[in-house]
>>> print(open('my_file.tsv').read())   # TSV, C-alpha atoms
chain	number	residue	atom	x	y	z
A	404	MET	CA	27.73	0.68	-21.92
A	405	ALA	CA	27.96	4.34	-21.04
A	406	LYS	CA	30.94	6.30	-22.24
A	407	GLY	CA	33.22	7.36	-19.43
A	408	TYR	CA	33.59	3.98	-17.79
A	409	LYS	CA	37.09	2.69	-17.20
A	410	LYS	CA	37.82	-0.65	-15.51
A	411	LYS	CA	40.45	-0.28	-12.79
A	412	LYS	CA	41.36	-2.53	-9.88
A	413	GLY	CA	38.12	-4.45	-10.00
A	414	CYS	CA	35.74	-1.49	-9.81
A	415	TRP	CA	34.28	1.04	-12.16
A	416	CYS	CA	35.99	4.42	-12.00
A	417	PRO	CA	35.13	7.54	-13.98
A	418	SER	CA	37.59	8.31	-16.72
A	419	ASP	CA	38.54	11.86	-17.54
A	420	PHE	CA	35.45	13.81	-18.54
A	421	ASP	CA	35.54	15.83	-21.71
A	422	ASP	CA	35.01	19.44	-20.65
A	423	SER	CA	33.78	20.37	-24.10
A	424	THR	CA	30.88	17.93	-24.00
A	425	ALA	CA	30.21	17.13	-20.34
A	426	MET	CA	27.70	19.92	-19.89
A	427	SER	CA	26.03	19.73	-23.30
A	428	ASP	CA	22.25	19.41	-23.12
A	429	SER	CA	21.83	18.81	-26.83
A	430	THR	CA	23.20	15.29	-26.83
A	431	SER	CA	22.64	12.33	-24.55
A	432	VAL	CA	24.97	9.64	-23.39
A	433	ASP	CA	25.44	6.66	-25.67
A	434	ILE	CA	24.12	3.59	-23.84
A	435	ASN	CA	24.02	0.07	-25.18
A	436	GLU	CA	20.35	-0.89	-25.29
A	437	ASP	CA	21.24	-4.47	-24.37
A	438	PHE	CA	23.04	-3.48	-21.15
A	439	ILE	CA	21.28	-4.88	-18.07
A	440	PHE	CA	21.81	-3.18	-14.70
A	441	ASP	CA	22.00	-5.28	-11.56
A	442	THR	CA	19.80	-2.87	-9.57
A	443	PRO	CA	17.91	0.39	-10.16
A	444	LEU	CA	20.65	2.09	-8.13
A	445	ASP	CA	23.26	0.95	-10.65
A	446	GLU	CA	21.23	2.60	-13.38
A	447	LEU	CA	21.06	5.84	-11.40
A	448	ILE	CA	24.83	5.79	-10.94
A	449	ASP	CA	25.25	5.21	-14.67
A	450	ASN	CA	23.03	8.21	-15.39
A	451	LEU	CA	25.55	10.45	-13.60
A	452	TYR	CA	27.80	9.95	-16.64
A	453	ALA	CA	25.12	11.47	-18.90
A	454	LYS	CA	25.96	14.57	-20.93
A	455	ARG	CA	22.55	16.16	-20.33
A	456	SER	CA	22.49	17.99	-17.01
A	457	VAL	CA	18.77	17.31	-16.47
A	458	ARG	CA	19.45	13.60	-16.54
A	459	ARG	CA	22.22	13.91	-13.97
A	460	GLU	CA	20.02	16.11	-11.77
A	461	ASN	CA	17.17	13.58	-11.88
A	462	ALA	CA	19.59	10.80	-10.97
A	463	LEU	CA	20.89	12.84	-8.01
A	464	VAL	CA	17.35	13.50	-6.77
A	465	GLU	CA	16.53	9.78	-6.82
A	466	LEU	CA	19.84	8.81	-5.23
A	467	ILE	CA	19.30	11.32	-2.42
A	468	ASP	CA	15.84	9.87	-1.86
A	469	SER	CA	17.38	6.39	-1.66
A	470	PHE	CA	20.03	7.54	0.83
A	471	GLU	CA	17.25	9.03	2.95
A	472	SER	CA	14.85	6.08	2.70
A	473	ASP	CA	17.04	2.95	2.76
A	474	ASP	CA	20.15	1.49	4.34
A	475	LEU	CA	22.58	1.63	1.39
A	476	PHE	CA	25.72	0.60	3.27
A	477	SER	CA	26.05	-2.72	1.43
A	478	PHE	CA	25.60	-0.95	-1.92
A	479	VAL	CA	28.24	1.75	-1.35
A	480	GLU	CA	30.68	-0.24	0.80
A	481	ASN	CA	32.91	-1.34	-2.09
A	482	GLN	CA	32.31	1.50	-4.55
A	483	TYR	CA	32.06	4.68	-2.51
A	484	ILE	CA	35.17	6.17	-4.16
A	485	THR	CA	33.70	5.66	-7.64
A	486	ILE	CA	30.40	7.20	-6.58
A	487	SER	CA	32.14	10.12	-4.86
A	488	TYR	CA	34.08	10.90	-8.09
A	489	LEU	CA	30.78	11.22	-9.93
A	490	PHE	CA	29.29	13.48	-7.26
A	491	ILE	CA	32.42	15.65	-7.34
A	492	ASN	CA	32.13	15.90	-11.11
A	493	SER	CA	28.59	17.23	-10.72
A	494	ILE	CA	29.80	19.70	-8.07
A	495	LYS	CA	32.52	20.87	-10.41
A	496	LYS	CA	30.64	21.15	-13.70
A	497	GLY	CA	27.00	21.55	-12.70
A	498	MET	CA	24.87	24.64	-12.52
A	499	THR	CA	23.45	25.71	-9.16
A	500	LYS	CA	20.77	23.02	-8.88
A	501	GLU	CA	23.10	20.15	-9.78
A	502	THR	CA	25.90	21.41	-7.54
A	503	ASN	CA	23.58	21.78	-4.56
A	504	LEU	CA	22.13	18.31	-5.10
A	505	ALA	CA	25.59	16.78	-5.45
A	506	CYS	CA	26.72	18.45	-2.21
A	507	ARG	CA	23.87	16.79	-0.35
A	508	ALA	CA	24.49	13.49	-2.11
A	509	ILE	CA	28.17	13.28	-1.23
A	510	GLY	CA	27.40	14.25	2.37
A	511	LEU	CA	24.82	11.47	2.60
A	512	LEU	CA	27.31	9.08	1.00
A	513	SER	CA	29.93	9.88	3.64
A	514	PHE	CA	27.36	9.52	6.41
A	515	THR	CA	26.31	6.14	5.04
A	516	VAL	CA	29.93	4.97	4.81
A	517	GLY	CA	30.07	5.78	8.51
A	518	GLY	CA	33.17	7.88	9.14
A	519	GLY	CA	36.69	6.49	9.41
A	520	THR	CA	38.93	5.77	6.42
A	521	GLY	CA	36.11	5.88	3.88
A	522	SER	CA	34.89	9.31	4.95
A	523	HIS	CA	38.48	10.56	5.09
A	524	GLU	CA	39.06	9.53	1.49
A	525	ILE	CA	35.83	11.20	0.38
A	526	MET	CA	36.77	14.39	2.23
A	527	ASN	CA	40.24	14.54	0.68
A	528	GLU	CA	38.83	14.14	-2.83
A	529	ALA	CA	35.97	16.63	-2.43
A	530	LEU	CA	37.42	19.46	-0.35
A	531	PRO	CA	39.63	21.07	-3.03
A	532	GLN	CA	36.70	21.47	-5.42
A	533	LEU	CA	34.32	22.63	-2.70
A	534	CYS	CA	36.80	25.28	-1.52
A	535	LYS	CA	37.25	26.44	-5.10
A	536	ILE	CA	33.53	27.20	-5.29
A	537	LEU	CA	33.78	29.28	-2.11
A	538	SER	CA	36.29	31.54	-3.83
A	539	GLY	CA	33.83	32.22	-6.67
A	540	SER	CA	31.10	34.84	-6.91
A	541	ASP	CA	28.03	32.58	-7.13
A	542	GLN	CA	26.38	32.88	-3.71
A	543	SER	CA	23.55	30.52	-4.66
A	544	LYS	CA	25.91	27.53	-4.29
A	545	ILE	CA	27.63	28.56	-1.06
A	546	PRO	CA	25.06	27.44	1.58
A	547	ALA	CA	25.08	23.87	0.25
A	548	VAL	CA	28.87	23.90	-0.13
A	549	VAL	CA	29.68	25.09	3.41
A	550	LYS	CA	27.27	22.57	4.91
A	551	CYS	CA	28.91	19.85	2.83
A	552	ILE	CA	32.40	20.91	3.95
A	553	GLY	CA	31.25	20.94	7.57
A	554	LEU	CA	29.80	17.43	7.41
A	555	LEU	CA	32.66	15.89	5.39
A	556	ALA	CA	35.28	17.28	7.79
A	557	PHE	CA	33.18	16.31	10.82
A	558	LEU	CA	33.15	12.71	9.59
A	559	GLY	CA	36.50	12.50	7.80
A	560	ALA	CA	39.07	14.75	9.48
A	561	ASP	CA	41.77	12.72	11.23
A	562	ASP	CA	43.30	15.47	13.34
A	563	LEU	CA	43.06	19.08	14.44
A	564	ASP	CA	45.10	20.34	11.47
A	565	GLU	CA	42.61	18.94	8.95
A	566	THR	CA	39.69	20.30	10.94
A	567	GLU	CA	41.25	23.77	11.15
A	568	LEU	CA	41.76	23.86	7.37
A	569	ALA	CA	38.03	23.27	6.86
A	570	LEU	CA	37.13	25.77	9.60
A	571	GLU	CA	39.31	28.42	7.97
A	572	ALA	CA	37.76	27.82	4.54
A	573	ILE	CA	34.26	28.34	5.95
A	574	TRP	CA	35.31	31.32	8.06
A	575	LYS	CA	36.28	33.25	4.94
A	576	ILE	CA	32.56	33.40	4.14
A	577	ILE	CA	31.63	34.52	7.65
A	578	GLN	CA	34.31	37.19	7.80
A	579	PRO	CA	35.73	38.01	4.34
A	580	LYS	CA	39.23	39.44	4.20
A	581	THR	CA	39.57	43.19	3.94
A	582	GLY	CA	42.40	45.37	2.72
A	583	ASN	CA	43.51	47.92	0.15
A	584	ASN	CA	43.96	45.34	-2.59
A	585	VAL	CA	41.05	43.11	-1.59
A	586	THR	CA	37.53	43.46	-2.94
A	587	THR	CA	35.14	42.97	-0.02
A	588	VAL	CA	32.27	40.61	-0.78
A	589	LYS	CA	28.99	41.24	1.00
A	590	TYR	CA	27.24	37.92	1.54
A	591	GLU	CA	23.49	37.70	2.02
A	592	PRO	CA	22.22	36.73	5.51
A	593	PRO	CA	21.17	33.17	4.50
A	594	VAL	CA	24.70	32.56	3.22
A	595	VAL	CA	26.28	33.90	6.41
A	596	VAL	CA	23.89	31.85	8.59
A	597	ALA	CA	24.71	28.65	6.68
A	598	ALA	CA	28.42	29.33	7.08
A	599	ILE	CA	28.20	30.08	10.83
A	600	THR	CA	26.05	26.98	11.37
A	601	ALA	CA	28.46	24.70	9.49
A	602	TRP	CA	31.50	26.28	11.19
A	603	THR	CA	29.98	25.88	14.66
A	604	PHE	CA	28.97	22.28	13.93
A	605	LEU	CA	32.54	21.43	12.92
A	606	LEU	CA	33.91	23.29	15.95
A	607	THR	CA	32.15	20.78	18.22
A	608	THR	CA	34.79	18.19	17.28
A	609	ILE	CA	37.78	20.09	18.66
A	610	SER	CA	36.85	19.39	22.28
A	611	THR	CA	38.72	16.10	22.02
A	612	TRP	CA	41.97	17.78	20.94
A	613	ARG	CA	44.37	20.17	22.59
A	614	ILE	CA	43.39	23.75	21.89
A	615	ASN	CA	45.61	26.82	21.79
A	616	GLN	CA	43.27	29.54	23.10
A	617	GLU	CA	45.42	32.26	21.54
A	618	ASN	CA	44.34	31.08	18.08
A	619	TRP	CA	40.67	31.71	18.86
A	620	THR	CA	40.73	35.31	20.05
A	621	LYS	CA	40.02	36.70	16.58
A	622	TYR	CA	36.93	34.51	16.26
A	623	ILE	CA	35.53	35.75	19.58
A	624	SER	CA	35.83	39.37	18.48
A	625	ASP	CA	34.19	38.71	15.10
A	626	LEU	CA	31.35	36.70	16.64
A	627	SER	CA	30.73	39.50	19.11
A	628	ASN	CA	30.35	41.87	16.16
A	629	LEU	CA	27.91	39.44	14.52
A	630	LEU	CA	25.73	39.60	17.63
A	631	GLU	CA	25.08	43.19	16.53
A	632	ALA	CA	24.06	42.22	12.97
A	633	ASP	CA	20.81	43.61	11.56
A	634	ASP	CA	19.50	40.18	10.64
A	635	ARG	CA	18.09	38.22	13.56
A	636	THR	CA	19.00	34.79	12.12
A	637	VAL	CA	22.64	35.88	11.88
A	638	ARG	CA	22.58	36.96	15.53
A	639	MET	CA	21.08	33.63	16.59
A	640	ALA	CA	23.66	31.60	14.64
A	641	ALA	CA	26.46	33.66	16.20
A	642	GLY	CA	24.85	33.15	19.63
A	643	GLU	CA	25.04	29.36	19.33
A	644	ALA	CA	28.72	29.65	18.40
A	645	ILE	CA	29.34	31.86	21.45
A	646	ALA	CA	27.55	29.32	23.67
A	647	LEU	CA	29.87	26.61	22.36
A	648	PHE	CA	32.89	28.85	23.06
A	649	PHE	CA	31.80	29.06	26.70
A	650	GLU	CA	31.28	25.29	26.87
A	651	LEU	CA	34.70	24.59	25.34
A	652	LYS	CA	36.21	27.15	27.76
A	653	LEU	CA	37.72	29.14	24.90
A	654	PHE	CA	37.31	32.31	26.96
A	655	ASP	CA	39.64	30.90	29.61
A	656	VAL	CA	43.31	31.84	29.52
A	657	LYS	CA	45.82	29.41	30.97
A	658	PRO	CA	49.39	30.49	31.76
A	659	ALA	CA	52.19	28.76	29.90
A	660	GLU	CA	55.94	28.65	30.49
A	661	GLU	CA	57.68	31.88	29.53
A	662	ASP	CA	54.35	33.40	28.49
A	663	THR	CA	55.16	37.11	28.51
A	664	LYS	CA	51.72	38.06	27.12
A	665	TYR	CA	49.67	36.09	29.63
A	666	PHE	CA	48.30	39.08	31.56
A	667	GLN	CA	47.64	40.94	28.32
A	668	ARG	CA	45.61	38.04	26.95
A	669	LEU	CA	43.88	37.51	30.31
A	670	THR	CA	42.74	41.15	30.39
A	671	TYR	CA	41.56	41.02	26.79
A	672	MET	CA	39.57	37.82	27.31
A	673	ASN	CA	37.97	39.09	30.52
A	674	ASN	CA	36.89	42.24	28.71
A	675	MET	CA	35.48	40.22	25.78
A	676	LYS	CA	33.66	37.89	28.17
A	677	ALA	CA	32.05	40.88	29.88
A	678	LYS	CA	31.08	42.42	26.55
A	679	VAL	CA	29.61	39.20	25.14
A	680	THR	CA	27.73	38.47	28.36
A	681	ALA	CA	26.12	41.91	28.21
A	682	GLN	CA	25.15	41.30	24.58
A	683	ILE	CA	23.57	37.97	25.47
A	684	ASP	CA	21.58	39.61	28.26
A	685	ALA	CA	20.33	42.34	25.92
A	686	LEU	CA	19.32	39.90	23.18
A	687	SER	CA	17.46	37.67	25.64
A	688	CYS	CA	15.01	40.49	26.28
A	689	GLU	CA	15.21	42.41	23.01
A	690	ALA	CA	12.33	44.67	22.04
A	691	SER	CA	10.93	44.89	18.53
A	692	HIS	CA	13.30	47.53	17.17
A	693	LYS	CA	15.47	45.00	15.30
A	694	GLY	CA	14.02	42.60	12.73
A	695	ALA	CA	10.40	42.33	11.75
A	696	ASN	CA	9.52	38.69	12.29
A	697	LYS	CA	7.73	38.14	15.59
A	698	LYS	CA	8.37	34.40	15.55
A	699	ASN	CA	12.10	34.89	15.15
A	700	ARG	CA	12.08	37.46	17.94
A	701	SER	CA	10.49	34.95	20.29
A	702	ALA	CA	12.96	32.26	19.21
A	703	GLN	CA	15.84	34.67	19.75
A	704	ARG	CA	14.71	35.52	23.26
A	705	GLU	CA	14.42	31.84	24.13
A	706	LEU	CA	17.83	30.98	22.66
A	707	PHE	CA	19.73	33.79	24.35
A	708	GLY	CA	17.79	33.24	27.56
A	709	ASN	CA	19.07	29.66	27.59
A	710	ILE	CA	22.60	30.85	26.81
A	711	TRP	CA	22.41	33.42	29.62
A	712	ASP	CA	21.23	30.77	32.07
A	713	TYR	CA	24.07	28.47	31.02
A	714	VAL	CA	26.77	31.13	31.23
A	715	MET	CA	25.66	32.74	34.48
A	716	ASN	CA	24.08	29.84	36.39
A	717	GLY	CA	25.53	26.73	34.76
A	718	GLY	CA	22.06	25.74	33.57
A	719	ASP	CA	21.76	22.27	32.07
A	720	ILE	CA	21.15	21.70	28.38
A	721	GLU	CA	18.67	18.86	28.04
A	722	GLU	CA	16.70	17.74	25.03
A	723	THR	CA	15.18	14.40	24.06
A	724	VAL	CA	13.91	13.25	20.69
A	725	LYS	CA	11.54	10.32	20.27
A	726	MET	CA	13.03	8.14	17.55
A	727	SER	CA	10.45	5.38	17.06
A	728	SER	CA	6.98	4.18	18.01
A	729	ARG	CA	8.66	1.65	20.33
A	730	GLY	CA	9.87	4.51	22.49
A	731	THR	CA	13.54	4.82	21.52
A	732	ILE	CA	14.84	8.12	22.88
A	733	LEU	CA	17.83	10.18	21.76
A	734	CYS	CA	19.22	12.37	24.54
A	735	VAL	CA	21.47	15.43	24.34
A	736	SER	CA	22.88	17.21	27.39
A	737	SER	CA	25.37	19.81	26.10
A	738	TRP	CA	25.56	22.66	23.60
A	739	ALA	CA	27.92	20.60	21.42
A	740	GLU	CA	25.46	17.71	21.24
A	741	LEU	CA	22.51	20.03	20.62
A	742	ILE	CA	24.35	21.75	17.77
A	743	GLN	CA	25.30	18.38	16.27
A	744	LEU	CA	21.73	17.13	16.57
A	745	ASN	CA	20.22	20.17	14.85
A	746	PHE	CA	22.76	20.17	12.03
A	747	ILE	CA	22.52	16.45	11.30
A	748	LYS	CA	18.71	16.50	11.46
A	749	HIS	CA	18.68	19.36	8.96
A	750	PHE	CA	21.17	17.66	6.64
A	751	LEU	CA	19.60	14.19	6.71
A	752	ARG	CA	16.04	15.57	6.64
A	753	LYS	CA	13.59	12.68	6.31
A	754	GLY	CA	16.52	10.24	6.47
A	755	PHE	CA	17.30	11.14	10.09
A	756	HIS	CA	15.10	8.46	11.65
A	757	GLN	CA	16.20	5.91	9.05
A	758	HIS	CA	19.87	6.46	9.86
A	759	ALA	CA	19.11	6.46	13.58
A	760	GLN	CA	17.71	2.95	13.17
A	761	TYR	CA	20.28	1.38	10.83
A	762	ASN	CA	23.46	3.46	10.85
A	763	PRO	CA	25.89	2.65	13.72
A	764	LEU	CA	27.51	6.05	13.21
A	765	MET	CA	24.49	7.65	14.89
A	766	ARG	CA	25.25	5.70	18.07
A	767	GLU	CA	28.83	6.86	17.98
A	768	ILE	CA	27.70	10.49	17.85
A	769	PHE	CA	24.63	10.43	20.12
A	770	THR	CA	23.38	8.61	23.21
A	771	PHE	CA	20.26	6.46	22.85
A	772	ASP	CA	18.32	4.65	25.55
A	773	GLU	CA	19.00	0.93	25.82
A	774	ASP	CA	15.45	-0.43	25.87
A	775	GLU	CA	15.36	-1.03	22.13
A	776	ILE	CA	18.63	-2.95	21.70
A	777	GLU	CA	16.94	-6.14	20.51
A	778	TYR	CA	15.22	-4.31	17.67
A	779	LEU	CA	18.48	-3.00	16.21
A	780	PRO	CA	20.31	-4.50	13.19
A	781	ASN	CA	23.36	-6.62	14.05
A	782	ARG	CA	25.93	-4.08	12.83
A	783	VAL	CA	24.33	-1.48	15.14
A	784	LYS	CA	24.00	-3.83	18.14
A	785	LYS	CA	27.74	-4.51	18.17
A	786	ILE	CA	28.68	-0.85	18.64
A	787	HIS	CA	25.78	-0.14	20.98
A	788	ARG	CA	26.67	-3.02	23.30
A	789	SER	CA	30.37	-2.21	23.27
A	790	LYS	CA	29.60	1.38	24.29
A	791	SER	CA	27.24	0.16	27.03
A	792	LYS	CA	29.90	-2.20	28.32
A	793	ARG	CA	32.48	0.58	28.29
A	794	ARG	CA	30.13	2.89	30.24
A	795	HIS	CA	29.55	0.06	32.74
A	796	TYR	CA	33.29	-0.38	33.37
A	797	MET	CA	33.77	3.37	33.66
A	798	GLN	CA	31.02	3.52	36.29
A	799	ILE	CA	32.65	0.68	38.26
A	800	LYS	CA	36.02	2.46	38.10
A	801	LYS	CA	34.43	5.70	39.28
A	802	GLU	CA	32.81	3.95	42.26
A	803	ARG	CA	36.11	2.27	43.15
A	804	ASP	CA	37.94	5.62	43.03
A	805	ILE	CA	35.35	7.18	45.33
A	806	ALA	CA	35.63	4.28	47.77
A	807	GLU	CA	39.44	4.51	47.74
A	808	ALA	CA	39.30	8.26	48.37
A	809	ARG	CA	36.94	7.76	51.34
A	810	LYS	CA	39.21	5.05	52.70
A	811	GLN	CA	42.26	7.31	52.44
A	812	SER	CA	40.37	10.16	54.09
A	813	PHE	CA	39.41	7.87	56.98
A	814	PHE	CA	43.04	6.82	57.60
A	815	ASN	CA	44.23	10.42	57.40
A	816	GLU	CA	41.74	11.36	60.15
A	817	LEU	CA	43.04	8.51	62.32
A	818	ILE	CA	46.64	9.64	61.86
A	819	TYR	CA	46.03	13.28	62.63
>>> encode(input="my_file.tsv", output="structure tokens")
Amino acid sequence: MAKGYKKKKGCWCPSDFDDSTAMSDSTSVDINEDFIFDTPLDELIDNLYAKRSVRRENALVELIDSFESDDLFSFVENQYITISYLFINSIKKGMTKETNLACRAIGLLSFTVGGGTGSHEIMNEALPQLCKILSGSDQSKIPAVVKCIGLLAFLGADDLDETELALEAIWKIIQPKTGNNVTTVKYEPPVVVAAITAWTFLLTTISTWRINQENWTKYISDLSNLLEADDRTVRMAAGEAIALFFELKLFDVKPAEEDTKYFQRLTYMNNMKAKVTAQIDALSCEASHKGANKKNRSAQRELFGNIWDYVMNGGDIEETVKMSSRGTILCVSSWAELIQLNFIKHFLRKGFHQHAQYNPLMREIFTFDEDEIEYLPNRVKKIHRSKSKRRHYMQIKKERDIAEARKQSFFNELIY
């Protein structure tokens, strides 16, 4: 049996790894030749205890492929904490390749677990180590790390406070601190884009919580500056964040009791809204003086054209994705949903359609058509039907409210 195993509470948990030998490539883990694994996946998990990094990397590659290709819920359901410890160990001790693979693996693990308590536990265990990497100087790890933080907090954060902690950690990459005693780090455009994308994706979750607009003024100013960045992909990532700010009404200022700075904040926000709107207009018809890639220029014009239409005319955001040969359709109708769709598709990669078919979490996040309900696995049908039933009752309530309002209006006319 591999060294590093420790039996605890009925499951295998990683014991303390020896820092002096964990990363050695000259020796391999000592495995009993007579040990028989229950499944190939068990063997891959065991290989994560190996001392040779190449063996751990190969195991991560195969595990990622399994997460993308199969429904592993039954495999991880009772051992996700053990598996997450091993992924975190690879994040902590691995070189760039291993760390990046482990970030994807732990994100896929959390997505397979399906949110809730399991994802919250994974997030709590992983976030300290992920944030530690962000404070380092190795930029090659940061894109994978910020995407991992974004997904883990999206799935695992229980409240606004936990979400804001993750948002703040990612924002330090987007807008590094400056000062006399602070060394300013200049991040490469791909790093900044990854950070903005992850930050915006996580921001989509705050719409369900109470928001203090005063806390978001600094972000609006910084994002406006990023719309002037030399790199077109940075401008486009910032543009999507700005679109979400408009959708979440973060430019709006609401008066509060004894708010002595209300008019000051109202003036500031109106000025910022005017500035950002002008920037969006300019970028929607930008000439070729910024950036060299013609394809990106066309994509930028389309993106900011859509944002302009939404901001000025209330244009609808509609996109559908065909999910199967049977005709299952995924529909999005807001900037928040579109941002979530693009991020999750990018993170899951080839596993997107697999999770759409078997993972009930996908039907908690997105809206699917109802024609394919009989083809879904039982654990997906339960959630899908409960959501359909809830929508049905909400529609009935809405119709009753409309009828009651018309009835009241009729009696008012009779009285007066």
>>> residues_around(input="my_file.tsv", residues="Phe654 (chain A)", least_positions_apart="5", cutoff="10 Å", atoms="only C-alpha atoms", output="list of chain:residue names")
A:Gln616, A:Glu617, A:Trp619, A:Thr620, A:Ile623, A:Ile645, A:Phe648, A:Phe649, A:Leu669, A:Tyr671, A:Met672, A:Asn673, A:Met675, A:Lys676
>>> closest_residue(input="my_file.tsv", among="A:Ile536, A:Ala685, A:Val588, A:Val679", to="Ser624 (chain A)", atoms="only C-alpha atoms")
A:Val679
>>> atom_distance(input="my_file.tsv", atom1="CA of Gln578 (chain A)", atom2="CA of Asp712 (chain A)")
28.3 Å
>>> residues_around(input="my_file.tsv", residues="Gly521 (chain A)", least_positions_apart="4", cutoff="10 Å", atoms="only C-alpha atoms", output="ChimeraX atom specification")
/A:480-481,483-484,512-517,525-526,558-559
>>> residues_around(input="my_file.tsv", residues="region 569-574 of chain A", least_positions_apart="4", cutoff="9 Å", atoms="only C-alpha atoms", output="ChimeraX atom specification")
/A:530,534,537,549,552-553,556,560,564-565,578-579,598-599,601-603,605-606,622
>>> atom_distance(input="my_file.tsv", atom1="CA of Ile576 (chain A)", atom2="CA of Tyr488 (chain A)")
25.7 Å
>>> decode(input="my_file.tsv", residues="region 517-523 of chain A", atoms="all heavy atoms", output="tab-separated table (two decimals), in the first residue's frame")
chain	number	residue	atom	x	y	z
A	517	GLY	N	-21.50	19.06	-6.81
A	517	GLY	CA	-22.78	19.69	-7.08
A	517	GLY	C	-23.16	20.86	-6.20
A	517	GLY	O	-24.34	21.13	-6.01
A	518	GLY	N	-22.19	21.58	-5.66
A	518	GLY	CA	-22.51	22.72	-4.81
A	518	GLY	C	-22.90	22.28	-3.41
A	518	GLY	O	-22.74	21.12	-3.02
A	519	GLY	N	-23.41	23.21	-2.61
A	519	GLY	CA	-23.87	22.89	-1.27
A	519	GLY	C	-22.73	22.67	-0.29
A	519	GLY	O	-21.63	23.21	-0.44
A	520	THR	N	-22.99	21.83	0.71
A	520	THR	CA	-22.02	21.60	1.79
A	520	THR	C	-20.70	21.05	1.27
A	520	THR	O	-19.63	21.47	1.70
A	520	THR	CB	-22.61	20.61	2.81
A	520	THR	OG1	-23.83	21.15	3.33
A	520	THR	CG2	-21.63	20.40	3.97
A	521	GLY	N	-20.76	20.11	0.33
A	521	GLY	CA	-19.54	19.52	-0.20
A	521	GLY	C	-18.65	20.54	-0.85
A	521	GLY	O	-17.44	20.61	-0.59
A	522	SER	N	-19.21	21.38	-1.73
A	522	SER	CA	-18.43	22.41	-2.40
A	522	SER	C	-17.92	23.46	-1.41
A	522	SER	O	-16.84	24.02	-1.59
A	522	SER	CB	-19.26	23.09	-3.48
A	522	SER	OG	-19.50	22.19	-4.56
A	523	HIS	N	-18.70	23.73	-0.36
A	523	HIS	CA	-18.26	24.68	0.66
A	523	HIS	C	-17.04	24.16	1.40
A	523	HIS	O	-16.09	24.91	1.67
A	523	HIS	CB	-19.40	24.95	1.64
A	523	HIS	CG	-19.10	26.04	2.62
A	523	HIS	ND1	-18.79	25.79	3.94
A	523	HIS	CD2	-19.04	27.40	2.47
A	523	HIS	CE1	-18.57	26.92	4.56
A	523	HIS	NE2	-18.72	27.92	3.70
